[in-house]
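Enquirer: Encoded as structure tokens, here's the structure I'll be asking about.
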Amino acid sequence: MKKRDLLIIVITLIIDQLTKYIAATSFTPSIAIIDGFFWLTYAQNTGMAWSMFSNATWLLTIISLIITIVLFWLYHTSYTSNESLMCLCQAFMISGAIGNLIDRVVLGYVRDFLAFNIFGYHFPVFNVADMCLTIGAIVWILYCIFVEGKKVHHE
């Protein structure tokens, strides 16, 4: 594993776990940062996105573990092909998967704390690990479409 990617995983994991701890001890019930738009709100999520599969902790823990293993495997295959951006995306996703996996294994739920109201829609509360997963996945998908897709069309 590249030192850069390992450093990203470690730093984002520390930020994730530290912010979750701060949220669990400080944000009850809620702190308005931008009134009507953004709050720090502590929530214990026993499900996944949008609280789907609530109270299916063991199933989600197993799925999270499998996803983490697959991401490490994908990282290894990307690393050998020296695709730096793909490795970076996978490092973010690995960090996010591990961050939420830690919560599920240790606590039985994921600690979320970032809440937004976007044009009247209360977006599901999320955390730093969720951001790492989302950003890594979006950039990875865009990379596959626009970079890898061009390679296929030019060959």
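Chain identifiers are assigned as A, B, and so on, following the order in which chains appear in the structure tokens; residues are numbered from 1 within each chain, and ligands are numbered from 1 in order of appearance.
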Dump as a Markdown table the rows for residues of range 68-128 of chain A within 10 Å of range 17-37 of chain A: closest atom pair and distance in Å with one decimal, only C-alpha atoms counted, ordered by chain and rising residue number.

Expert:
```
| residue | atom | partner | partner_atom | distance |
| --- | --- | --- | --- | --- |
| A:Gly99 | CA | A:Gln17 | CA | 6.8 |
| A:Asn100 | CA | A:Gln17 | CA | 9.0 |
| A:Ile102 | CA | A:Gln17 | CA | 8.8 |
| A:Asp103 | CA | A:Gln17 | CA | 8.6 |
| A:Val110 | CA | A:Lys20 | CA | 8.9 |
| A:Arg111 | CA | A:Lys20 | CA | 5.9 |
| A:Asp112 | CA | A:Lys20 | CA | 7.0 |
| A:Phe113 | CA | A:Ala23 | CA | 6.2 |
| A:Leu114 | CA | A:Ala23 | CA | 9.2 |
| A:Ala115 | CA | A:Phe37 | CA | 8.2 |
| A:Phe116 | CA | A:Phe37 | CA | 5.4 |
| A:Asn117 | CA | A:Phe37 | CA | 4.7 |
| A:Ile118 | CA | A:Phe37 | CA | 6.6 |
| A:Phe119 | CA | A:Phe37 | CA | 8.6 |
| A:Gly120 | CA | A:Phe37 | CA | 8.8 |
| A:Tyr121 | CA | A:Phe37 | CA | 9.8 |
| A:His122 | CA | A:Phe37 | CA | 8.9 |
| A:Asn127 | CA | A:Lys20 | CA | 7.4 |
| A:Val128 | CA | A:Thr19 | CA | 7.7 |
```

Enquirer: Pull N, CA and C atoms from the residues just selected and write them as a compact mmCIF listing (two decimals), in the first residue's frame.

Expert:
```txt
# COMPACT_ATOMS: atom_id res chain seq x y z
N GLY A 99 -14.36 3.01 9.28
CA GLY A 99 -14.91 3.91 10.31
C GLY A 99 -16.29 3.49 10.77
N ASN A 100 -17.17 3.18 9.82
CA ASN A 100 -18.51 2.74 10.20
C ASN A 100 -18.51 1.31 10.72
N ILE A 102 -16.16 -0.02 12.56
CA ILE A 102 -15.74 0.11 13.98
C ILE A 102 -16.96 0.40 14.85
N ASP A 103 -17.78 1.36 14.42
CA ASP A 103 -18.98 1.70 15.19
C ASP A 103 -19.92 0.51 15.33
N VAL A 110 -24.14 3.09 14.14
CA VAL A 110 -23.21 4.08 13.59
C VAL A 110 -23.60 5.44 14.14
N ARG A 111 -22.60 6.20 14.57
CA ARG A 111 -22.84 7.55 15.09
C ARG A 111 -22.82 8.55 13.94
N ASP A 112 -23.95 9.23 13.75
CA ASP A 112 -24.08 10.26 12.72
C ASP A 112 -24.29 11.61 13.40
N PHE A 113 -23.94 12.70 12.70
CA PHE A 113 -24.08 14.00 13.36
C PHE A 113 -24.22 15.20 12.43
N LEU A 114 -24.08 15.04 11.15
CA LEU A 114 -24.20 16.17 10.22
C LEU A 114 -25.58 16.15 9.59
N ALA A 115 -26.37 17.20 9.84
CA ALA A 115 -27.75 17.25 9.37
C ALA A 115 -27.97 18.49 8.51
N PHE A 116 -28.58 18.28 7.34
CA PHE A 116 -28.86 19.37 6.41
C PHE A 116 -30.32 19.38 6.00
N ASN A 117 -30.85 20.58 5.78
CA ASN A 117 -32.17 20.76 5.20
C ASN A 117 -31.92 21.46 3.86
N ILE A 118 -32.09 20.71 2.77
CA ILE A 118 -31.78 21.24 1.45
C ILE A 118 -33.09 21.44 0.70
N PHE A 119 -33.47 22.70 0.51
CA PHE A 119 -34.71 23.06 -0.18
C PHE A 119 -35.92 22.35 0.43
N GLY A 120 -35.98 22.31 1.75
CA GLY A 120 -37.11 21.71 2.45
C GLY A 120 -37.00 20.21 2.66
N TYR A 121 -35.94 19.58 2.15
CA TYR A 121 -35.73 18.14 2.32
C TYR A 121 -34.70 17.92 3.42
N HIS A 122 -35.10 17.22 4.46
CA HIS A 122 -34.17 16.90 5.55
C HIS A 122 -33.33 15.70 5.12
N ASN A 127 -21.99 11.17 8.63
CA ASN A 127 -20.75 11.39 9.37
C ASN A 127 -19.56 11.48 8.41
N VAL A 128 -18.36 11.61 8.94
CA VAL A 128 -17.15 11.74 8.13
C VAL A 128 -16.90 10.46 7.32
```

Enquirer: Using only C-alpha atoms, which protein or nucleic acid residues come within 8 Å of range 94-97 of chain A? Drop anything in the same chain fewer than 3 positions from it, and give the result as a ChimeraX atom specification.

Expert: /A:8-10,12-13,64-65,67-68,71-72,90-91,100-101,128-133

Enquirer: Take the selection from the previous step and output its residues with C-alpha atoms, as a PDB file, in the first residue's frame.

Expert:
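This went into selection.pdb:
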```
ATOM      1  CA  ILE A   8      -5.136   9.130   4.156  1.00  0.00           C
ATOM      2  CA  ILE A   9      -6.793   6.058   5.683  1.00  0.00           C
ATOM      3  CA  VAL A  10      -5.260   6.671   9.113  1.00  0.00           C
ATOM      4  CA  THR A  12      -9.529  10.181   7.969  1.00  0.00           C
ATOM      5  CA  LEU A  13     -10.194   7.323  10.411  1.00  0.00           C
ATOM      6  CA  SER A  64     -19.537  -3.867   5.899  1.00  0.00           C
ATOM      7  CA  LEU A  65     -16.760  -6.382   6.556  1.00  0.00           C
ATOM      8  CA  ILE A  67     -17.184  -4.495   1.463  1.00  0.00           C
ATOM      9  CA  THR A  68     -14.005  -3.574   3.346  1.00  0.00           C
ATOM     10  CA  LEU A  71     -12.145  -2.631  -1.288  1.00  0.00           C
ATOM     11  CA  PHE A  72      -8.732  -3.820  -0.030  1.00  0.00           C
ATOM     12  CA  GLN A  90     -10.252   3.347  -2.759  1.00  0.00           C
ATOM     13  CA  ALA A  91      -8.259   4.646   0.221  1.00  0.00           C
ATOM     14  CA  ASN A 100     -18.512   2.738  10.202  1.00  0.00           C
ATOM     15  CA  LEU A 101     -17.480  -0.904  10.735  1.00  0.00           C
ATOM     16  CA  VAL A 128     -17.146  11.740   8.125  1.00  0.00           C
ATOM     17  CA  ALA A 129     -16.937   8.039   7.186  1.00  0.00           C
ATOM     18  CA  ASP A 130     -20.036   8.453   5.011  1.00  0.00           C
ATOM     19  CA  MET A 131     -18.391  11.456   3.319  1.00  0.00           C
ATOM     20  CA  CYS A 132     -15.241   9.419   2.621  1.00  0.00           C
ATOM     21  CA  LEU A 133     -17.304   6.587   1.136  1.00  0.00           C
TER      22      LEU A 133
END
```

Enquirer: Write down as a PyMOL selection string the residues belonging to chain A that are assigned helix (DSSP H, G or I) by DSSP computed on the backbone.

Expert: chain A and resi 3-26+49-51+57-80+84-107+128-154

Enquirer: Among range 13-153 of chain A, which residues does DSSP mark as strand (DSSP E) when it is run on the backbone? Keep the chain and numbering as in the structure and answer as number ranges by chain.

Expert: A: 30-34, 38-45, 110-118, 121-126

Enquirer: Would you please work out which residue, of A:Val125, A:Met86, A:Thr134, A:Val147, is nearest to Ala43 in chain A when using only C-alpha atoms?

Expert: A:Val125

Enquirer: For each of A:Gly47, A:Phe38, A:Val139, A:Lys2, take the minimum atom-to-atom distance to Cys89 in chain A, counting only C-alpha atoms, then give the residue where this is smallest.

Expert: A:Val139

Enquirer: Take CA of Leu88 in chain A and CA of Asp5 in chain A and report the distance between them in Å, one decimal.

Expert: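 One can read the CA of Leu88 in chain A to CA of Asp5 in chain A distance as 6.0 Å.
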